>>> print(open('structure16.txt').read())   # compact mmCIF, C-alpha atoms and all ligand atoms
# COMPACT_ATOMS: atom_id res chain seq x y z
CA MET A 91 -44.11 -57.04 -42.66
CA SER A 92 -44.76 -53.32 -42.26
CA GLY A 93 -47.43 -54.08 -39.60
CA ALA A 94 -44.91 -56.07 -37.53
CA ALA A 95 -42.27 -53.34 -37.87
CA GLN A 96 -44.76 -50.63 -36.85
CA GLN A 97 -45.75 -52.70 -33.83
CA VAL A 98 -42.08 -52.94 -32.76
CA VAL A 99 -41.56 -49.16 -32.92
CA ARG A 100 -44.88 -48.55 -31.12
CA ASP A 101 -44.00 -50.90 -28.25
CA HIS A 102 -40.25 -50.15 -28.13
CA ASP A 103 -39.75 -46.60 -29.39
CA PRO A 104 -36.04 -46.46 -30.34
CA ARG A 105 -35.91 -42.81 -29.27
CA SER A 106 -36.92 -43.60 -25.70
CA VAL A 107 -36.03 -47.23 -24.79
CA PRO A 108 -32.46 -48.59 -24.53
CA LEU A 109 -31.24 -49.67 -27.96
CA THR A 110 -30.58 -53.21 -26.70
CA GLU A 111 -34.31 -53.46 -25.95
CA PHE A 112 -35.28 -52.07 -29.35
CA PHE A 113 -32.93 -54.33 -31.31
CA GLY A 114 -33.94 -57.32 -29.12
CA ALA A 115 -37.57 -56.64 -30.04
CA CYS A 116 -36.60 -56.53 -33.73
CA PHE A 117 -34.89 -59.92 -33.33
CA ASP A 118 -37.84 -61.47 -31.51
CA ALA A 119 -40.22 -60.20 -34.18
CA GLY A 120 -38.02 -61.75 -36.90
CA LEU A 121 -37.09 -58.37 -38.35
CA SER A 122 -33.30 -58.33 -37.84
CA TRP A 123 -32.64 -60.40 -40.98
CA VAL A 124 -36.09 -61.21 -42.40
CA HIS A 125 -34.74 -63.98 -44.66
CA PHE A 126 -33.35 -65.96 -41.70
CA PRO A 127 -35.55 -68.72 -40.21
CA GLU A 128 -38.02 -67.96 -37.41
CA GLY A 129 -36.37 -68.02 -33.98
CA GLN A 130 -33.07 -66.83 -35.49
CA GLY A 131 -33.98 -63.20 -36.06
CA GLY A 132 -35.97 -63.80 -39.25
CA LEU A 133 -39.30 -64.82 -40.70
CA GLY A 134 -38.13 -66.98 -43.60
CA VAL A 135 -39.36 -64.42 -46.17
CA PRO A 136 -37.43 -62.96 -49.15
CA ARG A 137 -34.41 -60.85 -48.22
CA GLY A 138 -35.67 -57.91 -50.29
CA LEU A 139 -38.41 -57.29 -47.69
CA GLN A 140 -35.79 -56.21 -45.15
CA ALA A 141 -35.84 -52.76 -46.74
CA VAL A 142 -39.53 -52.36 -45.78
CA ALA A 143 -38.79 -52.96 -42.08
CA ASP A 144 -35.58 -50.91 -42.15
CA ALA A 145 -37.36 -47.87 -43.60
CA ILE A 146 -39.88 -47.94 -40.74
CA PHE A 147 -37.12 -48.31 -38.13
CA GLN A 148 -35.11 -45.50 -39.69
CA ALA A 149 -38.14 -43.19 -39.81
CA ALA A 150 -38.68 -43.89 -36.09
CA GLY A 151 -35.14 -42.69 -35.35
CA ALA A 152 -33.36 -46.04 -34.95
CA PRO A 153 -29.65 -46.09 -35.83
CA ASN A 154 -28.46 -48.44 -38.54
CA PRO A 155 -27.27 -51.52 -36.59
CA PHE A 156 -24.64 -52.16 -39.26
CA SER A 157 -22.79 -49.02 -38.12
CA LEU A 158 -22.77 -50.26 -34.49
CA ASN A 159 -21.68 -53.84 -35.17
CA PRO A 160 -20.49 -53.87 -38.78
CA ILE A 161 -18.76 -57.23 -38.84
CA GLY A 162 -21.46 -58.78 -36.67
CA TYR A 163 -24.37 -57.65 -38.83
CA GLY A 164 -22.66 -57.69 -42.22
CA MET A 165 -20.61 -60.88 -42.02
CA ALA A 166 -20.88 -62.93 -38.82
CA ALA A 167 -24.67 -63.19 -38.81
CA PRO A 168 -25.03 -64.73 -42.29
CA THR A 169 -22.01 -67.01 -41.73
CA VAL A 170 -23.20 -68.26 -38.33
CA GLN A 171 -26.76 -68.66 -39.56
CA GLU A 172 -25.66 -70.77 -42.51
CA HIS A 173 -22.89 -72.84 -40.95
CA ALA A 174 -23.15 -73.13 -37.13
CA GLN A 175 -23.61 -76.71 -35.94
CA SER A 176 -26.96 -76.40 -34.13
CA ASP A 177 -30.01 -74.15 -33.93
CA GLU A 178 -29.26 -73.60 -30.21
CA LEU A 179 -25.82 -72.21 -31.05
CA LYS A 180 -27.21 -70.06 -33.85
CA ARG A 181 -29.74 -68.47 -31.53
CA ALA A 182 -27.22 -68.13 -28.67
CA TRP A 183 -24.86 -66.20 -30.97
CA LEU A 184 -27.36 -64.29 -33.06
CA ARG A 185 -29.57 -62.62 -30.43
CA PRO A 186 -26.79 -60.79 -28.49
CA LEU A 187 -25.23 -59.95 -31.87
CA ALA A 188 -28.52 -58.43 -33.00
CA THR A 189 -28.84 -56.35 -29.82
CA ASN A 190 -25.18 -55.25 -30.21
CA GLU A 191 -24.38 -56.50 -26.71
CA HIS A 192 -21.84 -58.76 -28.42
CA ILE A 193 -19.61 -57.07 -30.97
CA TRP A 194 -17.94 -59.41 -33.49
CA CYS A 195 -14.64 -59.21 -35.33
CA GLN A 196 -12.97 -61.10 -38.16
CA LEU A 197 -9.62 -62.85 -37.63
CA PHE A 198 -8.63 -63.48 -41.25
CA SER A 199 -5.66 -61.32 -42.35
CA GLU A 200 -2.13 -62.04 -41.17
CA PRO A 201 1.19 -60.25 -41.66
CA GLY A 202 1.96 -62.73 -44.48
CA ALA A 203 -1.57 -63.28 -45.80
CA GLY A 204 -3.94 -60.52 -46.89
CA SER A 205 -4.91 -60.67 -50.55
CA ASP A 206 -3.56 -64.21 -50.58
CA LEU A 207 -5.81 -65.10 -47.66
CA ALA A 208 -5.76 -68.84 -48.39
CA GLY A 209 -1.99 -68.81 -47.72
CA LEU A 210 -2.47 -68.00 -44.01
CA ALA A 211 -0.31 -69.69 -41.37
CA THR A 212 -2.23 -69.57 -38.05
CA SER A 213 -2.61 -73.22 -37.05
CA ALA A 214 -5.40 -75.12 -35.31
CA VAL A 215 -4.52 -78.61 -34.05
CA ARG A 216 -7.14 -81.06 -32.81
CA ASP A 217 -6.78 -82.07 -29.13
CA GLY A 218 -9.68 -84.19 -27.82
CA ASP A 219 -12.91 -82.19 -28.12
CA ASP A 220 -10.98 -78.97 -28.65
CA TRP A 221 -8.77 -77.29 -31.22
CA VAL A 222 -5.61 -75.50 -30.05
CA VAL A 223 -4.81 -72.36 -32.01
CA ASN A 224 -1.50 -70.52 -32.41
CA GLY A 225 -0.66 -67.59 -34.67
CA GLN A 226 -0.92 -63.87 -35.30
CA LYS A 227 -3.67 -61.91 -37.01
CA VAL A 228 -3.56 -58.27 -38.05
CA TRP A 229 -5.84 -55.37 -39.10
CA THR A 230 -8.60 -56.86 -36.94
CA THR A 231 -11.31 -54.20 -36.84
CA LEU A 232 -12.99 -53.85 -33.43
CA ALA A 233 -11.04 -56.74 -31.83
CA HIS A 234 -10.59 -54.51 -28.77
CA ARG A 235 -14.36 -54.45 -28.21
CA ALA A 236 -15.30 -57.83 -29.62
CA ARG A 237 -16.80 -60.67 -27.63
CA TRP A 238 -16.62 -63.17 -30.52
CA ALA A 239 -14.47 -63.57 -33.61
CA LEU A 240 -14.65 -65.38 -36.92
CA LEU A 241 -11.38 -67.25 -37.34
CA LEU A 242 -9.86 -68.90 -40.38
CA ALA A 243 -6.98 -71.26 -39.45
CA ARG A 244 -4.85 -73.95 -41.05
CA THR A 245 -5.75 -77.46 -39.89
CA ASP A 246 -3.86 -79.42 -42.56
CA PRO A 247 -0.56 -78.04 -43.95
CA ASP A 248 -0.01 -81.07 -46.21
CA VAL A 249 -2.71 -80.33 -48.79
CA PRO A 250 -3.03 -77.39 -51.24
CA LYS A 251 -3.69 -74.13 -49.42
CA HIS A 252 -7.45 -73.80 -49.98
CA GLN A 253 -8.12 -77.37 -48.82
CA GLY A 254 -6.34 -77.26 -45.46
CA LEU A 255 -8.35 -74.50 -43.78
CA SER A 256 -11.07 -74.70 -41.14
CA TYR A 257 -13.37 -72.03 -39.79
CA PHE A 258 -14.13 -71.36 -36.12
CA VAL A 259 -15.91 -68.97 -33.79
CA VAL A 260 -13.48 -67.79 -31.11
CA ASP A 261 -14.28 -66.40 -27.68
CA MET A 262 -12.24 -63.18 -27.56
CA HIS A 263 -12.17 -63.47 -23.74
CA ALA A 264 -10.54 -66.94 -23.84
CA PRO A 265 -7.08 -67.36 -22.24
CA GLY A 266 -4.32 -66.82 -24.83
CA VAL A 267 -6.09 -64.10 -26.87
CA GLU A 268 -4.10 -60.86 -26.75
CA THR A 269 -5.25 -57.72 -28.57
CA ARG A 270 -2.94 -54.78 -29.30
CA PRO A 271 -4.31 -51.61 -30.94
CA LEU A 272 -2.82 -50.21 -34.16
CA ARG A 273 -3.05 -46.45 -34.44
CA GLN A 274 -3.87 -45.21 -37.93
CA LEU A 275 -3.15 -42.22 -40.12
CA THR A 276 -6.47 -40.71 -38.96
CA GLY A 277 -5.60 -40.82 -35.26
CA GLN A 278 -8.09 -43.62 -34.69
CA ALA A 279 -7.26 -47.14 -33.57
CA GLU A 280 -10.15 -49.02 -35.13
CA PHE A 281 -8.13 -52.12 -35.80
CA ASN A 282 -5.61 -54.29 -33.94
CA GLU A 283 -3.01 -57.00 -33.94
CA VAL A 284 -4.32 -60.17 -32.29
CA TYR A 285 -1.96 -62.80 -30.91
CA LEU A 286 -3.36 -66.29 -30.36
CA THR A 287 -1.30 -68.50 -28.03
CA ASP A 288 -2.59 -71.99 -27.21
CA VAL A 289 -6.17 -70.75 -27.45
CA ARG A 290 -8.63 -73.63 -26.97
CA ILE A 291 -11.77 -73.70 -29.11
CA PRO A 292 -14.43 -76.40 -28.61
CA ASP A 293 -15.08 -78.44 -31.74
CA ALA A 294 -18.73 -77.42 -31.41
CA HIS A 295 -17.59 -73.91 -32.39
CA ARG A 296 -16.28 -75.07 -35.78
CA LEU A 297 -18.36 -73.78 -38.72
CA GLY A 298 -18.55 -76.18 -41.66
CA ALA A 299 -16.51 -79.37 -41.94
CA ALA A 300 -12.84 -79.54 -40.96
CA GLY A 301 -10.92 -78.69 -44.14
CA ALA A 302 -13.91 -76.83 -45.65
CA GLY A 303 -13.06 -73.46 -44.10
CA TRP A 304 -12.51 -71.78 -47.47
CA GLN A 305 -16.10 -72.46 -48.55
CA VAL A 306 -17.36 -70.98 -45.26
CA ALA A 307 -15.02 -67.98 -45.70
CA MET A 308 -16.65 -67.33 -49.08
CA THR A 309 -19.99 -66.81 -47.29
CA THR A 310 -18.27 -64.21 -45.11
CA LEU A 311 -16.38 -62.44 -47.90
CA MET A 312 -19.30 -62.27 -50.36
CA ASN A 313 -21.43 -60.76 -47.61
CA GLU A 314 -18.62 -58.38 -46.64
CA ARG A 315 -18.26 -56.96 -50.13
CA SER A 316 -21.99 -56.80 -50.69
CA SER A 317 -22.59 -55.07 -47.36
CA ILE A 318 -19.81 -52.53 -47.94
CA GLY A 319 -20.78 -52.01 -51.58
CA ALA A 320 -24.50 -51.66 -50.88
CA SER A 321 -24.31 -49.15 -48.04
CA GLY A 322 -25.50 -45.55 -48.55
CA ILE A 323 -28.44 -46.36 -50.75
CA ARG A 324 -30.53 -43.18 -50.56
CA ARG A 325 -30.21 -40.70 -53.44
CA GLY A 326 -27.67 -38.00 -52.63
CA ASP A 327 -26.74 -39.78 -49.39
CA GLY A 328 -23.38 -41.11 -48.26
CA THR A 329 -20.03 -39.63 -49.18
CA ILE A 330 -21.33 -37.29 -51.88
CA ALA A 331 -23.56 -35.60 -49.26
CA ASP A 332 -20.36 -34.46 -47.48
CA ALA A 333 -19.09 -32.82 -50.67
CA VAL A 334 -22.42 -31.11 -51.41
CA ALA A 335 -22.65 -29.81 -47.82
CA LEU A 336 -19.10 -28.49 -47.94
CA TRP A 337 -19.80 -26.79 -51.28
CA ALA A 338 -22.81 -25.05 -49.73
CA GLN A 339 -20.75 -23.90 -46.73
CA ARG A 340 -17.88 -22.44 -48.78
CA PRO A 341 -19.18 -20.13 -51.56
CA ASP A 342 -15.90 -18.18 -51.18
CA ARG A 343 -14.05 -21.15 -52.74
CA HIS A 344 -16.39 -21.78 -55.73
CA THR A 345 -14.90 -21.93 -59.23
CA PRO A 346 -16.50 -23.18 -62.47
CA VAL A 347 -13.98 -26.03 -62.61
CA LEU A 348 -14.85 -27.22 -59.09
CA ARG A 349 -18.58 -26.91 -59.86
CA ASP A 350 -18.10 -29.14 -62.89
CA ARG A 351 -16.16 -31.69 -60.81
CA LEU A 352 -18.87 -31.77 -58.15
CA ALA A 353 -21.57 -32.34 -60.78
CA GLN A 354 -19.55 -35.21 -62.28
CA LEU A 355 -19.02 -36.78 -58.86
CA TRP A 356 -22.72 -36.46 -58.05
CA LEU A 357 -23.65 -38.22 -61.29
CA ARG A 358 -21.15 -41.00 -60.69
CA SER A 359 -22.38 -41.41 -57.11
CA GLU A 360 -25.91 -41.81 -58.40
CA VAL A 361 -24.75 -44.44 -60.92
CA GLN A 362 -22.90 -46.23 -58.12
CA ARG A 363 -26.02 -46.12 -55.91
CA LEU A 364 -28.17 -47.60 -58.68
CA THR A 365 -25.56 -50.30 -59.33
CA ALA A 366 -25.57 -51.17 -55.61
CA GLU A 367 -29.37 -51.31 -55.73
CA ARG A 368 -29.13 -53.76 -58.62
CA ALA A 369 -26.64 -55.91 -56.67
CA ARG A 370 -29.02 -55.84 -53.69
CA ALA A 371 -31.90 -56.92 -55.90
CA THR A 372 -29.82 -59.81 -57.29
CA ALA A 373 -28.68 -60.78 -53.81
CA SER A 374 -32.25 -60.73 -52.52
CA VAL A 375 -33.08 -63.49 -55.00
CA ARG A 376 -30.02 -65.73 -54.85
CA GLY A 377 -27.73 -64.43 -52.08
CA PRO A 378 -24.63 -62.26 -52.50
CA GLY A 379 -22.39 -63.19 -55.41
CA PRO A 380 -19.38 -61.72 -57.19
CA GLU A 381 -21.55 -58.74 -58.33
CA GLY A 382 -21.17 -57.41 -54.78
CA SER A 383 -17.57 -56.66 -55.75
CA ILE A 384 -18.72 -54.08 -58.32
CA GLY A 385 -20.28 -51.81 -55.71
CA LYS A 386 -17.35 -52.28 -53.35
CA LEU A 387 -14.77 -51.47 -56.05
CA VAL A 388 -16.56 -48.47 -57.56
CA GLY A 389 -17.71 -47.09 -54.18
CA ALA A 390 -14.22 -47.25 -52.68
CA GLU A 391 -12.57 -45.50 -55.63
CA LEU A 392 -15.33 -42.89 -55.72
CA ASN A 393 -15.00 -42.18 -51.99
CA LYS A 394 -11.36 -41.30 -52.51
CA GLN A 395 -12.20 -38.96 -55.38
CA VAL A 396 -15.02 -37.26 -53.46
CA TYR A 397 -12.73 -36.48 -50.52
CA GLU A 398 -9.95 -35.35 -52.85
CA PHE A 399 -12.50 -32.89 -54.25
CA CYS A 400 -13.29 -31.74 -50.68
CA MET A 401 -9.59 -31.12 -50.02
CA ASP A 402 -9.25 -29.14 -53.27
CA LEU A 403 -12.32 -27.12 -52.33
CA LEU A 404 -10.82 -26.31 -48.93
CA GLY A 405 -7.45 -25.42 -50.43
CA PRO A 406 -4.76 -24.85 -47.77
CA GLU A 407 -7.34 -25.49 -45.01
CA GLY A 408 -7.36 -29.09 -46.15
CA LEU A 409 -3.99 -29.43 -44.48
CA LEU A 410 -5.39 -28.46 -41.08
CA TYR A 411 -6.48 -31.35 -38.95
CA GLY A 412 -7.49 -29.69 -35.70
CA ASP A 413 -8.92 -32.62 -33.80
CA TYR A 414 -6.33 -35.38 -33.78
CA THR A 415 -7.89 -37.21 -30.84
CA MET A 416 -8.35 -40.96 -30.66
CA ARG A 417 -11.88 -41.94 -31.70
CA ASP A 418 -13.48 -45.32 -31.53
CA VAL A 419 -15.35 -46.63 -34.52
CA GLY A 420 -19.14 -46.60 -34.05
CA GLU A 421 -18.94 -44.56 -30.84
CA THR A 422 -18.47 -41.04 -32.09
CA GLU A 423 -19.83 -38.67 -34.68
CA PRO A 424 -17.89 -38.65 -37.95
CA GLY A 425 -14.69 -36.62 -37.64
CA PRO A 426 -13.79 -33.54 -39.69
CA VAL A 427 -13.70 -33.84 -43.46
CA GLN A 428 -9.89 -33.91 -43.34
CA GLN A 429 -10.11 -37.07 -41.26
CA ARG A 430 -12.62 -38.61 -43.65
CA PHE A 431 -10.24 -37.84 -46.53
CA LEU A 432 -7.47 -39.77 -44.75
CA ARG A 433 -9.84 -42.64 -43.86
CA SER A 434 -11.03 -42.96 -47.47
CA ARG A 435 -7.59 -44.27 -48.44
CA ALA A 436 -8.41 -47.45 -46.49
CA ASN A 437 -11.61 -48.03 -48.49
CA THR A 438 -9.64 -49.44 -51.41
CA ILE A 439 -7.84 -51.92 -49.12
CA GLU A 440 -10.38 -53.18 -46.54
CA GLY A 441 -12.62 -56.03 -47.62
CA GLY A 442 -10.32 -56.82 -50.57
CA THR A 443 -8.12 -54.38 -52.48
CA SER A 444 -9.31 -52.77 -55.70
CA GLU A 445 -6.72 -54.77 -57.66
CA VAL A 446 -7.97 -58.06 -56.24
CA LEU A 447 -11.60 -57.11 -56.87
CA ARG A 448 -10.73 -56.34 -60.49
CA ASN A 449 -9.21 -59.82 -60.72
CA ILE A 450 -12.41 -61.35 -59.30
CA LEU A 451 -14.63 -59.40 -61.68
CA GLY A 452 -12.37 -60.19 -64.62
CA GLU A 453 -12.35 -63.91 -63.90
CA ARG A 454 -15.79 -64.56 -62.47
CA ILE A 455 -18.02 -62.05 -64.27
CA LEU A 456 -16.19 -61.32 -67.52
CA GLY A 457 -14.66 -64.79 -67.95
CA LEU A 458 -11.16 -63.46 -68.64
CA PRO A 459 -8.07 -65.70 -68.18
CA GLY A 460 -7.17 -66.30 -64.52
CA ASP A 461 -4.45 -64.63 -62.45
CA LEU A 462 -1.03 -66.33 -62.40
CA ARG A 463 -1.06 -68.96 -59.61
CA ALA A 464 2.37 -70.50 -59.08
CA ASP A 465 1.27 -72.49 -56.00
CA SER A 466 -1.70 -74.28 -57.60
CA GLY A 467 -1.96 -77.90 -56.47
CA ARG A 468 1.14 -77.77 -54.23
CA PRO A 469 0.86 -78.69 -50.54
CA TRP A 470 0.83 -75.47 -48.46
CA ARG A 471 3.87 -76.65 -46.47
CA GLU A 472 6.00 -76.65 -49.68
CA VAL A 473 5.01 -73.16 -50.89
CA PRO A 474 7.76 -70.58 -50.20
CA ARG A 475 6.53 -67.72 -47.99
CA GLY A 476 7.97 -64.31 -47.34
C1 LIG B 501 -9.43 -50.25 -42.51
C2 LIG B 501 -9.12 -51.71 -42.65
C3 LIG B 501 -9.82 -52.63 -41.89
C4 LIG B 501 -9.53 -53.99 -42.00
N1 LIG B 501 -10.21 -54.88 -41.20
C5 LIG B 501 -9.91 -56.19 -41.25
C6 LIG B 501 -10.54 -57.12 -40.37
O1 LIG B 501 -11.39 -56.76 -39.55
N2 LIG B 501 -10.17 -58.41 -40.41
C7 LIG B 501 -9.23 -58.87 -41.29
O2 LIG B 501 -8.98 -60.06 -41.29
N3 LIG B 501 -8.58 -58.01 -42.15
C8 LIG B 501 -8.90 -56.69 -42.13
N4 LIG B 501 -8.26 -55.80 -42.97
C9 LIG B 501 -7.19 -56.31 -43.82
C10 LIG B 501 -7.51 -56.32 -45.31
O3 LIG B 501 -8.41 -57.33 -45.62
C11 LIG B 501 -6.16 -56.50 -46.02
O4 LIG B 501 -5.37 -55.35 -45.75
C12 LIG B 501 -6.34 -56.65 -47.53
O5 LIG B 501 -6.94 -57.87 -47.82
C13 LIG B 501 -4.97 -56.55 -48.27
O6 LIG B 501 -4.06 -57.40 -47.72
P1 LIG B 501 -2.58 -56.88 -47.32
O7 LIG B 501 -2.76 -55.64 -46.48
O8 LIG B 501 -1.84 -58.03 -46.73
O9 LIG B 501 -1.93 -56.43 -48.69
P2 LIG B 501 -1.22 -57.37 -49.77
O10 LIG B 501 -2.07 -58.56 -50.03
O11 LIG B 501 0.19 -57.62 -49.34
O12 LIG B 501 -1.23 -56.46 -51.05
C14 LIG B 501 -0.27 -55.44 -51.29
C15 LIG B 501 -0.55 -54.82 -52.66
O13 LIG B 501 -0.43 -55.82 -53.69
C16 LIG B 501 -1.61 -55.89 -54.48
N5 LIG B 501 -1.88 -57.28 -54.86
C17 LIG B 501 -1.83 -58.38 -54.07
N6 LIG B 501 -2.14 -59.48 -54.77
C18 LIG B 501 -2.44 -59.08 -56.03
C19 LIG B 501 -2.84 -59.77 -57.23
N7 LIG B 501 -3.01 -61.10 -57.25
N8 LIG B 501 -3.05 -59.03 -58.34
C20 LIG B 501 -2.87 -57.67 -58.35
N9 LIG B 501 -2.47 -56.97 -57.24
C21 LIG B 501 -2.27 -57.66 -56.11
C22 LIG B 501 -2.72 -55.37 -53.57
O14 LIG B 501 -3.82 -54.87 -54.31
C23 LIG B 501 -1.99 -54.29 -52.79
O15 LIG B 501 -1.96 -53.09 -53.53
C24 LIG B 501 -8.52 -54.44 -42.89
C25 LIG B 501 -7.82 -53.50 -43.68
C26 LIG B 501 -8.11 -52.15 -43.55
C27 LIG B 501 -7.35 -51.19 -44.40
>>> encode(input="structure16.txt", output="structure tokens", more="lines below")
Ligand SMILES: Cc1cc2nc3c(=O)[nH]c(=O)nc-3n(C[C@H](O)[C@H](O)[C@H](O)COP(=O)(O)OP(=O)(O)OC[C@H]3O[C@@H](n4cnc5c(N)ncnc54)[C@H](O)[C@@H]3O)c2cc1C
Amino acid sequence: MSGAAQQVVRDHDPRSVPLTEFFGACFDAGLSWVHFPEGQGGLGVPRGLQAVADAIFQAAGAPNPFSLNPIGYGMAAPTVQEHAQSDELKRAWLRPLATNEHIWCQLFSEPGAGSDLAGLATSAVRDGDDWVVNGQKVWTTLAHRARWALLLARTDPDVPKHQGLSYFVVDMHAPGVETRPLRQLTGQAEFNEVYLTDVRIPDAHRLGAAGAGWQVAMTTLMNERSSIGASGIRRGDGTIADAVALWAQRPDRHTPVLRDRLAQLWLRSEVQRLTAERARATASVRGPGPEGSIGKLVGAELNKQVYEFCMDLLGPEGLLYGDYTMRDVGETEPGPVQQRFLRSRANTIEGGTSEVLRNILGERILGLPGDLRADSGRPWREVPRG
């Protein structure tokens, strides 16, 4: 494993060759996702060995591909690898995803379906060898740069909501796909509204059986939470590093109370990092499960508290947000700490809200009684919607 990774960095030094070449070499050597089969960016070895290759790539100066193509690497790759209809399609999608030539996005949420994702209304109707899709999606991260999208759509409105969904891969350049940016609190427009009008999708681009879209979506969502929850795994790295750096820069603002808060946040960050490590270890044996939600929940809440600390440390300067220019996710250096404070509010919403994650952990890990579900067993068509 380490020999193959060292060979890749020797032959394709990420500091000097184009990154598409470097990441293409990683794919061809089976080091993009080592647990995937050979020919699909992997070697068919345990997932835990990915860390060995990643450490060598990182030491050679390679960027983390997850930050360049987060939905592609974190969610689309495992979903496509597990559910696409043929090995040819898997390879055709996975290699340009791995090189980041094709950015991916996720067309799940709708104006009337976020936490209650299974209640979504975008329809896909079979027409010969194609499906014809109509509806509106929202909060679609990177849709403006995406070549492909993961789509969850309703194919049967006459059965209970979870049973009438199917899962597709959509060409974001297809006629009828319209993307409109949504500008955020931070000044960025990292996500979009996406309108789908008579968009044709070949049946070959369906993932999983018609009507089994919810099961495929679980592959995506478990990987999403695990990949968000497990990021920032080096000691002292991630969000807490921002707070420590700011503390070092601003001795004029030190107080014993703030010092105590920083120490507490550092300890909690370390506990969160170790918890994420544990979730990674579990996932490396049996794939991501509901434990991934622990890291996502705790990490998101902690991020907010770390940046609240940064604002308190800055005092009135925290109100100044000098650089309110539009930035594109993955293309620019992180913005000022004030911007990161504003962005951290989204952490507890994206990838499942903290409330919903607590429900999942309560039900699936702790075995507590389930959430109230008034629509259980009723055909989707008969469920009142706002
Ligand atoms: C930065 C960012 C990026 C995103 N990127 C994408 C993307 O790429 N693709 C995509 O499809 N979506 C994306 N989303 C959407 C995200 O998945 C949804 O916003 C999220 O699932 C919540 O849905 P909602 O916004 O409709 O809120 P709602 O579901 O309407 O929730 C509103 C409030 O009610 C609470 N609530 C809802 N149900 C329950 C319950 N059963 N128990 C307790 N409380 C409950 C929620 O916690 C929340 O506080 C993104 C969101 C953000 C913020």
>>> atom_distance(input="structure16.txt", atom1="atom C1 of ligand LIG 501 (chain B)", atom2="CA of Leu158 (chain A)")
15.6 Å
>>> atom_distance(input="structure16.txt", atom1="CA of Met308 (chain A)", atom2="CA of Phe258 (chain A)")
13.8 Å
>>> residues_around(input="structure16.txt", residues="region 266-269 of chain A", least_positions_apart="3", cutoff="7 Å", atoms="only C-alpha atoms", output="list in words")
Ala233, His234, Met262, His263, Asn282, Glu283, Val284, Tyr285, Leu286, Thr287, Asp288 and Val289 of chain A
>>> atom_distance(input="structure16.txt", atom1="CA of Asp177 (chain A)", atom2="CA of Gly164 (chain A)")
19.8 Å
>>> closest_atom_pairs(input="structure16.txt", of="region 177-231 of chain A", to="region 133-157 of chain A", cutoff="9 Å", atoms="all atoms listed in the file", output="CSV")
residue,atom,partner,partner_atom,distance
A:Ala188,CA,A:Pro155,CA,7.9
A:Thr189,CA,A:Pro155,CA,8.5
A:Asn190,CA,A:Pro155,CA,7.7
>>> residues_around(input="structure16.txt", residues="Asp118 (chain A)", least_positions_apart="4", cutoff="10 Å", atoms="all atoms listed in the file", output="list of chain:residue names")
A:Val98, A:Phe112, A:Phe113, A:Gly114, A:Ser122, A:Glu128, A:Gly129, A:Gln130, A:Gly131, A:Gly132, A:Leu133, A:Arg185, A:Ala188
>>> closest_residue(input="structure16.txt", among="A:Asp332, A:Asp402, A:Glu453, A:Glu407", to="Glu381 (chain A)", atoms="only C-alpha atoms")
A:Glu453
>>> closest_residue(input="structure16.txt", among="A:Ile291, A:Ile450, A:Leu179, A:Leu432", to="Arg216 (chain A)", atoms="only C-alpha atoms")
A:Ile291
>>> closest_residue(input="structure16.txt", among="A:Gly120, A:Gly218, A:Gly425, A:Pro346", to="Pro292 (chain A)", atoms="all atoms listed in the file")
A:Gly218
>>> residues_around(input="structure16.txt", residues="Pro247 (chain A)", least_positions_apart="5", cutoff="7 Å", atoms="all atoms listed in the file", output="PDB file with C-alpha atoms, in the frame of the given file")
ATOM      1  CA  GLY A 254      -6.340 -77.260 -45.460  1.00  0.00           C
ATOM      2  CA  PRO A 469       0.860 -78.690 -50.540  1.00  0.00           C
ATOM      3  CA  TRP A 470       0.830 -75.470 -48.460  1.00  0.00           C
ATOM      4  CA  ARG A 471       3.870 -76.650 -46.470  1.00  0.00           C
TER       5      ARG A 471
END
>>> residues_around(input="structure16.txt", residues="Arg296 (chain A)", least_positions_apart="5", cutoff="8 Å", atoms="all atoms listed in the file", output="PyMOL selection string")
chain A and resi 174-175+256-259
>>> closest_residue(input="structure16.txt", among="A:Ala264, A:Leu451, A:Val473, A:Leu409", to="Val249 (chain A)", atoms="all atoms listed in the file")
A:Val473
>>> closest_residue(input="structure16.txt", among="A:Asn224, A:Gln428, A:Thr276, A:Gln395", to="Leu410 (chain A)", atoms="all atoms listed in the file")
A:Gln428
>>> closest_residue(input="structure16.txt", among="A:Gly385, A:Gly93, A:Asp219, A:Ala300", to="Thr245 (chain A)", atoms="all atoms listed in the file")
A:Ala300
